[in-house]
$ cat start-v7.txt   # compact mmCIF, N, CA and C atoms
# COMPACT_ATOMS: atom_id res chain seq x y z
N MET A 221 13.90 7.52 -16.10
CA MET A 221 13.53 8.90 -16.31
C MET A 221 13.13 9.51 -14.97
N MET A 222 13.62 10.70 -14.70
CA MET A 222 13.37 11.35 -13.43
C MET A 222 12.92 12.79 -13.70
N PHE A 223 12.07 13.29 -12.82
CA PHE A 223 11.62 14.67 -12.91
C PHE A 223 11.75 15.34 -11.55
N VAL A 224 12.15 16.61 -11.54
CA VAL A 224 12.17 17.41 -10.32
C VAL A 224 11.44 18.71 -10.62
N THR A 225 10.75 19.23 -9.61
CA THR A 225 10.04 20.50 -9.78
C THR A 225 10.86 21.59 -9.11
N ILE A 226 11.18 22.61 -9.89
CA ILE A 226 11.99 23.73 -9.42
C ILE A 226 11.26 25.02 -9.81
N GLY A 227 10.92 25.83 -8.83
CA GLY A 227 10.23 27.08 -9.11
C GLY A 227 8.90 26.87 -9.81
N GLY A 228 8.23 25.78 -9.51
CA GLY A 228 6.93 25.49 -10.11
C GLY A 228 7.00 24.88 -11.50
N VAL A 229 8.21 24.57 -11.99
CA VAL A 229 8.38 24.00 -13.32
C VAL A 229 8.94 22.58 -13.20
N ARG A 230 8.30 21.65 -13.87
CA ARG A 230 8.75 20.25 -13.86
C ARG A 230 9.90 20.10 -14.87
N HIS A 231 11.06 19.62 -14.38
CA HIS A 231 12.26 19.46 -15.20
C HIS A 231 12.59 17.98 -15.37
N HIS A 232 12.90 17.60 -16.59
CA HIS A 232 13.38 16.26 -16.89
C HIS A 232 14.87 16.21 -16.56
N VAL A 233 15.26 15.19 -15.79
CA VAL A 233 16.64 15.05 -15.34
C VAL A 233 17.14 13.64 -15.63
N VAL A 234 18.39 13.53 -16.08
CA VAL A 234 19.04 12.24 -16.33
C VAL A 234 20.29 12.19 -15.46
N ALA A 235 20.44 11.12 -14.68
CA ALA A 235 21.64 10.94 -13.84
C ALA A 235 22.19 9.55 -14.08
N GLU A 236 23.51 9.46 -14.25
CA GLU A 236 24.15 8.17 -14.45
C GLU A 236 25.58 8.21 -13.95
N GLY A 237 26.12 7.03 -13.67
CA GLY A 237 27.47 6.93 -13.15
C GLY A 237 27.46 6.89 -11.63
N SER A 238 28.65 7.01 -11.04
CA SER A 238 28.76 7.02 -9.59
C SER A 238 29.97 7.87 -9.19
N GLY A 239 29.91 8.36 -7.98
CA GLY A 239 30.98 9.22 -7.48
C GLY A 239 30.48 10.64 -7.31
N PRO A 240 31.40 11.58 -7.12
CA PRO A 240 31.00 12.99 -6.96
C PRO A 240 30.17 13.46 -8.16
N VAL A 241 29.25 14.37 -7.90
CA VAL A 241 28.33 14.84 -8.94
C VAL A 241 29.00 15.85 -9.86
N CYS A 242 28.74 15.68 -11.14
CA CYS A 242 29.16 16.63 -12.19
C CYS A 242 27.89 17.01 -12.95
N LEU A 243 27.47 18.25 -12.84
CA LEU A 243 26.26 18.72 -13.51
C LEU A 243 26.64 19.35 -14.84
N LEU A 244 26.04 18.83 -15.91
CA LEU A 244 26.28 19.37 -17.25
C LEU A 244 25.04 20.13 -17.69
N SER A 245 25.19 21.37 -18.01
CA SER A 245 24.08 22.23 -18.40
C SER A 245 24.23 22.60 -19.87
N ALA A 246 23.25 22.24 -20.66
CA ALA A 246 23.28 22.55 -22.10
C ALA A 246 23.00 24.02 -22.33
N GLY A 247 23.56 24.56 -23.39
CA GLY A 247 23.31 25.94 -23.75
C GLY A 247 21.89 26.13 -24.29
N LEU A 248 21.53 27.36 -24.54
CA LEU A 248 20.20 27.65 -25.07
C LEU A 248 19.96 26.87 -26.35
N THR A 249 18.78 26.36 -26.51
CA THR A 249 18.28 25.55 -27.63
C THR A 249 18.90 24.16 -27.71
N LEU A 250 19.76 23.79 -26.77
CA LEU A 250 20.34 22.46 -26.77
C LEU A 250 19.65 21.60 -25.72
N GLY A 251 19.82 20.29 -25.80
CA GLY A 251 19.19 19.36 -24.88
C GLY A 251 20.21 18.57 -24.08
N TRP A 252 19.71 17.83 -23.11
CA TRP A 252 20.56 17.01 -22.26
C TRP A 252 21.39 16.04 -23.08
N PHE A 253 20.84 15.54 -24.17
CA PHE A 253 21.50 14.52 -25.00
C PHE A 253 22.69 15.07 -25.79
N ASP A 254 22.80 16.39 -25.89
CA ASP A 254 23.94 16.97 -26.60
C ASP A 254 25.27 16.69 -25.88
N TRP A 255 25.19 16.28 -24.62
CA TRP A 255 26.39 15.91 -23.86
C TRP A 255 26.75 14.44 -24.02
N ASP A 256 26.00 13.68 -24.81
CA ASP A 256 26.23 12.23 -24.95
C ASP A 256 27.69 11.86 -25.23
N PRO A 257 28.42 12.55 -26.12
CA PRO A 257 29.80 12.14 -26.38
C PRO A 257 30.73 12.28 -25.16
N VAL A 258 30.40 13.16 -24.23
CA VAL A 258 31.25 13.43 -23.08
C VAL A 258 30.96 12.49 -21.91
N VAL A 259 29.71 12.08 -21.78
CA VAL A 259 29.27 11.31 -20.61
C VAL A 259 30.08 10.04 -20.39
N PRO A 260 30.37 9.21 -21.40
CA PRO A 260 31.15 7.99 -21.14
C PRO A 260 32.55 8.26 -20.58
N LEU A 261 33.08 9.43 -20.83
CA LEU A 261 34.38 9.78 -20.29
C LEU A 261 34.32 10.14 -18.81
N LEU A 262 33.15 10.57 -18.35
CA LEU A 262 33.00 11.03 -16.97
C LEU A 262 32.39 9.99 -16.03
N THR A 263 31.48 9.16 -16.54
CA THR A 263 30.73 8.26 -15.65
C THR A 263 31.58 7.23 -14.90
N PRO A 264 32.76 6.84 -15.38
CA PRO A 264 33.54 5.93 -14.54
C PRO A 264 34.00 6.56 -13.22
N HIS A 265 33.98 7.89 -13.16
CA HIS A 265 34.52 8.60 -12.00
C HIS A 265 33.52 9.54 -11.34
N ARG A 266 32.41 9.82 -12.00
CA ARG A 266 31.47 10.83 -11.53
C ARG A 266 30.02 10.40 -11.74
N THR A 267 29.13 10.95 -10.94
CA THR A 267 27.69 10.87 -11.22
C THR A 267 27.40 12.06 -12.12
N VAL A 268 27.04 11.78 -13.35
CA VAL A 268 26.80 12.84 -14.33
C VAL A 268 25.31 13.14 -14.37
N VAL A 269 24.96 14.40 -14.16
CA VAL A 269 23.57 14.84 -14.14
C VAL A 269 23.37 15.83 -15.28
N ARG A 270 22.33 15.57 -16.09
CA ARG A 270 21.96 16.45 -17.20
C ARG A 270 20.47 16.72 -17.11
N PHE A 271 20.01 17.82 -17.71
CA PHE A 271 18.59 18.15 -17.63
C PHE A 271 18.13 18.92 -18.85
N ASP A 272 16.81 18.87 -19.07
CA ASP A 272 16.18 19.69 -20.12
C ASP A 272 15.78 21.02 -19.50
N ARG A 273 16.13 22.10 -20.15
CA ARG A 273 15.72 23.43 -19.70
C ARG A 273 14.20 23.59 -19.88
N PRO A 274 13.59 24.53 -19.19
CA PRO A 274 12.15 24.76 -19.36
C PRO A 274 11.79 24.99 -20.83
N GLY A 275 10.75 24.31 -21.27
CA GLY A 275 10.29 24.46 -22.64
C GLY A 275 11.02 23.60 -23.65
N HIS A 276 12.00 22.83 -23.20
CA HIS A 276 12.77 21.96 -24.09
C HIS A 276 12.59 20.51 -23.68
N GLY A 277 12.68 19.61 -24.65
CA GLY A 277 12.60 18.17 -24.36
C GLY A 277 11.35 17.82 -23.57
N LEU A 278 11.56 17.15 -22.44
CA LEU A 278 10.43 16.69 -21.62
C LEU A 278 10.12 17.61 -20.45
N SER A 279 10.82 18.73 -20.35
CA SER A 279 10.54 19.69 -19.27
C SER A 279 9.36 20.58 -19.65
N ALA A 280 8.65 21.02 -18.61
CA ALA A 280 7.49 21.90 -18.82
C ALA A 280 7.95 23.30 -19.24
N ALA A 281 7.03 24.07 -19.73
CA ALA A 281 7.32 25.45 -20.15
C ALA A 281 7.67 26.31 -18.94
N ALA A 282 8.45 27.33 -19.18
CA ALA A 282 8.83 28.28 -18.12
C ALA A 282 7.62 29.07 -17.65
N VAL A 283 7.66 29.47 -16.38
CA VAL A 283 6.58 30.29 -15.83
C VAL A 283 7.01 31.74 -15.66
N ALA A 284 8.30 32.02 -15.93
CA ALA A 284 8.85 33.37 -15.80
C ALA A 284 9.92 33.56 -16.86
N PRO A 285 10.19 34.80 -17.24
CA PRO A 285 11.27 35.05 -18.20
C PRO A 285 12.62 34.57 -17.63
N PRO A 286 13.56 34.18 -18.51
CA PRO A 286 14.85 33.72 -18.01
C PRO A 286 15.64 34.84 -17.34
N SER A 287 16.43 34.45 -16.34
CA SER A 287 17.30 35.41 -15.65
C SER A 287 18.49 34.64 -15.08
N ALA A 288 19.55 35.36 -14.77
CA ALA A 288 20.73 34.72 -14.17
C ALA A 288 20.38 34.11 -12.81
N ALA A 289 19.58 34.83 -12.02
CA ALA A 289 19.19 34.31 -10.71
C ALA A 289 18.32 33.06 -10.86
N GLY A 290 17.42 33.07 -11.83
CA GLY A 290 16.59 31.90 -12.08
C GLY A 290 17.42 30.71 -12.51
N GLU A 291 18.43 30.95 -13.33
CA GLU A 291 19.31 29.86 -13.77
C GLU A 291 20.10 29.30 -12.61
N ALA A 292 20.56 30.16 -11.71
CA ALA A 292 21.29 29.70 -10.54
C ALA A 292 20.38 28.84 -9.65
N ARG A 293 19.12 29.25 -9.48
CA ARG A 293 18.18 28.46 -8.67
C ARG A 293 17.91 27.11 -9.35
N ARG A 294 17.80 27.11 -10.66
CA ARG A 294 17.54 25.87 -11.40
C ARG A 294 18.70 24.90 -11.23
N ILE A 295 19.93 25.38 -11.40
CA ILE A 295 21.11 24.51 -11.26
C ILE A 295 21.20 23.98 -9.85
N ALA A 296 20.98 24.83 -8.86
CA ALA A 296 21.01 24.37 -7.45
C ALA A 296 19.91 23.34 -7.20
N GLY A 297 18.73 23.54 -7.80
CA GLY A 297 17.61 22.62 -7.61
C GLY A 297 17.82 21.28 -8.26
N VAL A 298 18.47 21.28 -9.42
CA VAL A 298 18.74 20.01 -10.12
C VAL A 298 19.76 19.23 -9.30
$ encode --input "start-v7.txt" --output "structure tokens"
Amino acid sequence: MMFVTIGGVRHHVVAEGSGPVCLLSAGLTLGWFDWDPVVPLLTPHRTVVRFDRPGHGLSAAAVAPPSAAGEARRIAGV
């Protein structure tokens, strides 16, 4: 289990596999585990990174309202 802090919010992150990074971002109300069926197809060739959005799963609550710029910073930070 790994955590990274982005914009003052602690995010739960899961990384597995090896090779170039492939970041999978779950939609609103979904969790990192919703990508489970896809991950075995990617991990032989990629490092697959998934995360819990603020307020979901093991990530801390958001400190600001959601925005496109905030989402871009979150993805870059993960």
$ residues_around --input "start-v7.txt" --residues "range 227-240 of chain A" --least-positions-apart "6" --cutoff "8 Å" --atoms "all atoms listed in the file" --output "list in words"
Met221, Trp252, Leu262, Thr263, Pro264, His265, Arg266, Thr267, Val268, Val269, Arg270, Phe271, Asp272, Arg273, Pro274, Gly275, His276, Gly277, Leu278, Ser279, Ala280, Ala281, Ala282, Val283, Arg293, Arg294, Gly297 and Val298 of chain A
$ atom_distance --input "start-v7.txt" --atom1 "CA of Ala296 in chain A" --atom2 "atom N of Thr249 in chain A"
19.3 Å
$ axis_aligned_box --input "start-v7.txt" --around "range 234-245 of chain A" --padding-each-side "3 Å" --output "JSON"
{"center_x": 24.9, "center_y": 14.7, "center_z": -13.4, "size_x": 19.0, "size_y": 21.7, "size_z": 18.9}
$ atom_distance --input "start-v7.txt" --atom1 "atom N of Leu243 in chain A" --atom2 "atom N of Ser287 in chain A"
19.9 Å
$ select_by_dssp --input "start-v7.txt" --residues "chain A" --states "strand (DSSP E)" --output "PyMOL selection string"
chain A and resi 222-226+229-237+241-244+267-271
$ select_by_dssp --input "start-v7.txt" --residues "range 222-295 of chain A" --states "helix (DSSP H, G or I)" --output "list in words"
Trp252, Phe253, Asp254, Trp255, Val259, Pro260, Leu261, Leu262, Ala288, Ala289, Gly290, Glu291, Ala292, Arg293, Arg294 and Ile295 of chain A
$ decode --input "start-v7.txt" --residues "range 221-257 of chain A" --atoms "N, CA, C and O atoms" --output "short mmCIF file (atom, residue, chain, number, x, y, z; two decimals), in the first residue's frame"
data_model
loop_
_atom_site.label_atom_id
_atom_site.label_comp_id
_atom_site.auth_asym_id
_atom_site.auth_seq_id
_atom_site.Cartn_x
_atom_site.Cartn_y
_atom_site.Cartn_z
N MET A 221 0.85 -1.18 0.00
CA MET A 221 0.00 0.00 0.00
C MET A 221 0.90 1.24 0.00
O MET A 221 1.87 1.30 0.72
N MET A 222 0.56 2.20 -0.84
CA MET A 222 1.37 3.39 -0.97
C MET A 222 0.45 4.62 -0.91
O MET A 222 -0.71 4.56 -1.33
N PHE A 223 0.98 5.70 -0.37
CA PHE A 223 0.24 6.95 -0.32
C PHE A 223 1.12 8.08 -0.84
O PHE A 223 2.33 8.09 -0.60
N VAL A 224 0.52 9.01 -1.57
CA VAL A 224 1.21 10.23 -2.00
C VAL A 224 0.33 11.41 -1.63
O VAL A 224 -0.89 11.31 -1.67
N THR A 225 0.97 12.51 -1.27
CA THR A 225 0.22 13.72 -0.93
C THR A 225 0.29 14.68 -2.11
O THR A 225 1.37 15.04 -2.58
N ILE A 226 -0.89 15.07 -2.58
CA ILE A 226 -1.01 15.96 -3.73
C ILE A 226 -1.96 17.09 -3.35
O ILE A 226 -3.10 16.83 -2.97
N GLY A 227 -1.49 18.32 -3.40
CA GLY A 227 -2.33 19.46 -3.05
C GLY A 227 -2.85 19.39 -1.62
O GLY A 227 -3.97 19.82 -1.36
N GLY A 228 -2.07 18.83 -0.73
CA GLY A 228 -2.46 18.72 0.67
C GLY A 228 -3.39 17.56 0.99
O GLY A 228 -3.84 17.43 2.11
N VAL A 229 -3.66 16.70 0.00
CA VAL A 229 -4.57 15.57 0.20
C VAL A 229 -3.79 14.26 0.05
O VAL A 229 -3.07 14.07 -0.95
N ARG A 230 -3.92 13.39 1.02
CA ARG A 230 -3.26 12.09 0.98
C ARG A 230 -4.07 11.14 0.09
O ARG A 230 -5.26 10.91 0.32
N HIS A 231 -3.41 10.60 -0.95
CA HIS A 231 -4.05 9.71 -1.92
C HIS A 231 -3.50 8.29 -1.80
O HIS A 231 -2.29 8.09 -1.76
N HIS A 232 -4.39 7.32 -1.80
CA HIS A 232 -4.02 5.91 -1.83
C HIS A 232 -3.70 5.55 -3.28
O HIS A 232 -4.49 5.82 -4.18
N VAL A 233 -2.53 4.92 -3.48
CA VAL A 233 -2.07 4.57 -4.82
C VAL A 233 -1.66 3.11 -4.86
O VAL A 233 -1.04 2.62 -3.92
N VAL A 234 -1.99 2.41 -5.94
CA VAL A 234 -1.60 1.03 -6.16
C VAL A 234 -0.82 0.97 -7.46
O VAL A 234 -1.28 1.49 -8.48
N ALA A 235 0.38 0.38 -7.42
CA ALA A 235 1.20 0.23 -8.63
C ALA A 235 1.66 -1.21 -8.73
O ALA A 235 2.08 -1.81 -7.74
N GLU A 236 1.55 -1.78 -9.94
CA GLU A 236 1.99 -3.15 -10.15
C GLU A 236 2.42 -3.34 -11.59
O GLU A 236 2.04 -2.57 -12.46
N GLY A 237 3.22 -4.37 -11.81
CA GLY A 237 3.73 -4.65 -13.14
C GLY A 237 5.08 -4.00 -13.35
O GLY A 237 5.71 -3.51 -12.42
N SER A 238 5.54 -4.01 -14.61
CA SER A 238 6.82 -3.37 -14.94
C SER A 238 6.76 -2.87 -16.37
O SER A 238 5.97 -3.34 -17.18
N GLY A 239 7.59 -1.90 -16.64
CA GLY A 239 7.62 -1.29 -17.97
C GLY A 239 7.10 0.12 -17.92
O GLY A 239 6.94 0.70 -16.85
N PRO A 240 6.81 0.70 -19.08
CA PRO A 240 6.29 2.07 -19.12
C PRO A 240 5.00 2.19 -18.29
O PRO A 240 4.23 1.24 -18.19
N VAL A 241 4.80 3.36 -17.71
CA VAL A 241 3.66 3.57 -16.81
C VAL A 241 2.37 3.78 -17.59
O VAL A 241 2.33 4.52 -18.58
N CYS A 242 1.32 3.14 -17.10
CA CYS A 242 -0.05 3.33 -17.61
C CYS A 242 -0.90 3.71 -16.39
O CYS A 242 -1.07 2.91 -15.48
N LEU A 243 -1.39 4.92 -16.36
CA LEU A 243 -2.21 5.40 -15.24
C LEU A 243 -3.68 5.20 -15.58
O LEU A 243 -4.16 5.68 -16.60
N LEU A 244 -4.37 4.47 -14.70
CA LEU A 244 -5.81 4.24 -14.88
C LEU A 244 -6.55 5.07 -13.85
O LEU A 244 -6.32 4.95 -12.65
N SER A 245 -7.43 5.91 -14.29
CA SER A 245 -8.19 6.81 -13.42
C SER A 245 -9.66 6.40 -13.44
O SER A 245 -10.29 6.39 -14.50
N ALA A 246 -10.17 6.05 -12.29
CA ALA A 246 -11.58 5.65 -12.19
C ALA A 246 -12.49 6.87 -12.30
O ALA A 246 -12.11 7.98 -11.93
N GLY A 247 -13.68 6.65 -12.82
CA GLY A 247 -14.66 7.73 -12.91
C GLY A 247 -15.21 8.09 -11.55
O GLY A 247 -14.91 7.44 -10.54
N LEU A 248 -16.03 9.12 -11.50
CA LEU A 248 -16.63 9.54 -10.25
C LEU A 248 -17.38 8.39 -9.61
O LEU A 248 -18.07 7.63 -10.29
N THR A 249 -17.28 8.27 -8.33
CA THR A 249 -17.88 7.25 -7.46
C THR A 249 -17.28 5.86 -7.64
O THR A 249 -17.72 4.92 -7.00
N LEU A 250 -16.29 5.70 -8.49
CA LEU A 250 -15.65 4.40 -8.67
C LEU A 250 -14.32 4.38 -7.94
O LEU A 250 -13.78 5.41 -7.56
N GLY A 251 -13.77 3.20 -7.72
CA GLY A 251 -12.51 3.04 -7.00
C GLY A 251 -11.43 2.42 -7.86
O GLY A 251 -11.68 1.95 -8.98
N TRP A 252 -10.23 2.40 -7.33
CA TRP A 252 -9.09 1.83 -8.04
C TRP A 252 -9.35 0.38 -8.43
O TRP A 252 -8.93 -0.07 -9.49
N PHE A 253 -10.07 -0.35 -7.60
CA PHE A 253 -10.31 -1.78 -7.82
C PHE A 253 -11.27 -2.06 -8.98
O PHE A 253 -11.35 -3.18 -9.46
N ASP A 254 -11.98 -1.04 -9.44
CA ASP A 254 -12.88 -1.24 -10.58
C ASP A 254 -12.12 -1.57 -11.86
O ASP A 254 -12.71 -2.05 -12.83
N TRP A 255 -10.81 -1.32 -11.86
CA TRP A 255 -9.97 -1.66 -13.02
C TRP A 255 -9.41 -3.08 -12.91
O TRP A 255 -8.67 -3.52 -13.81
N ASP A 256 -9.74 -3.83 -11.87
CA ASP A 256 -9.18 -5.17 -11.67
C ASP A 256 -9.25 -6.08 -12.91
O ASP A 256 -8.26 -6.76 -13.20
N PRO A 257 -10.35 -6.13 -13.65
CA PRO A 257 -10.39 -7.03 -14.81
C PRO A 257 -9.39 -6.66 -15.92
O PRO A 257 -8.96 -7.52 -16.69
#
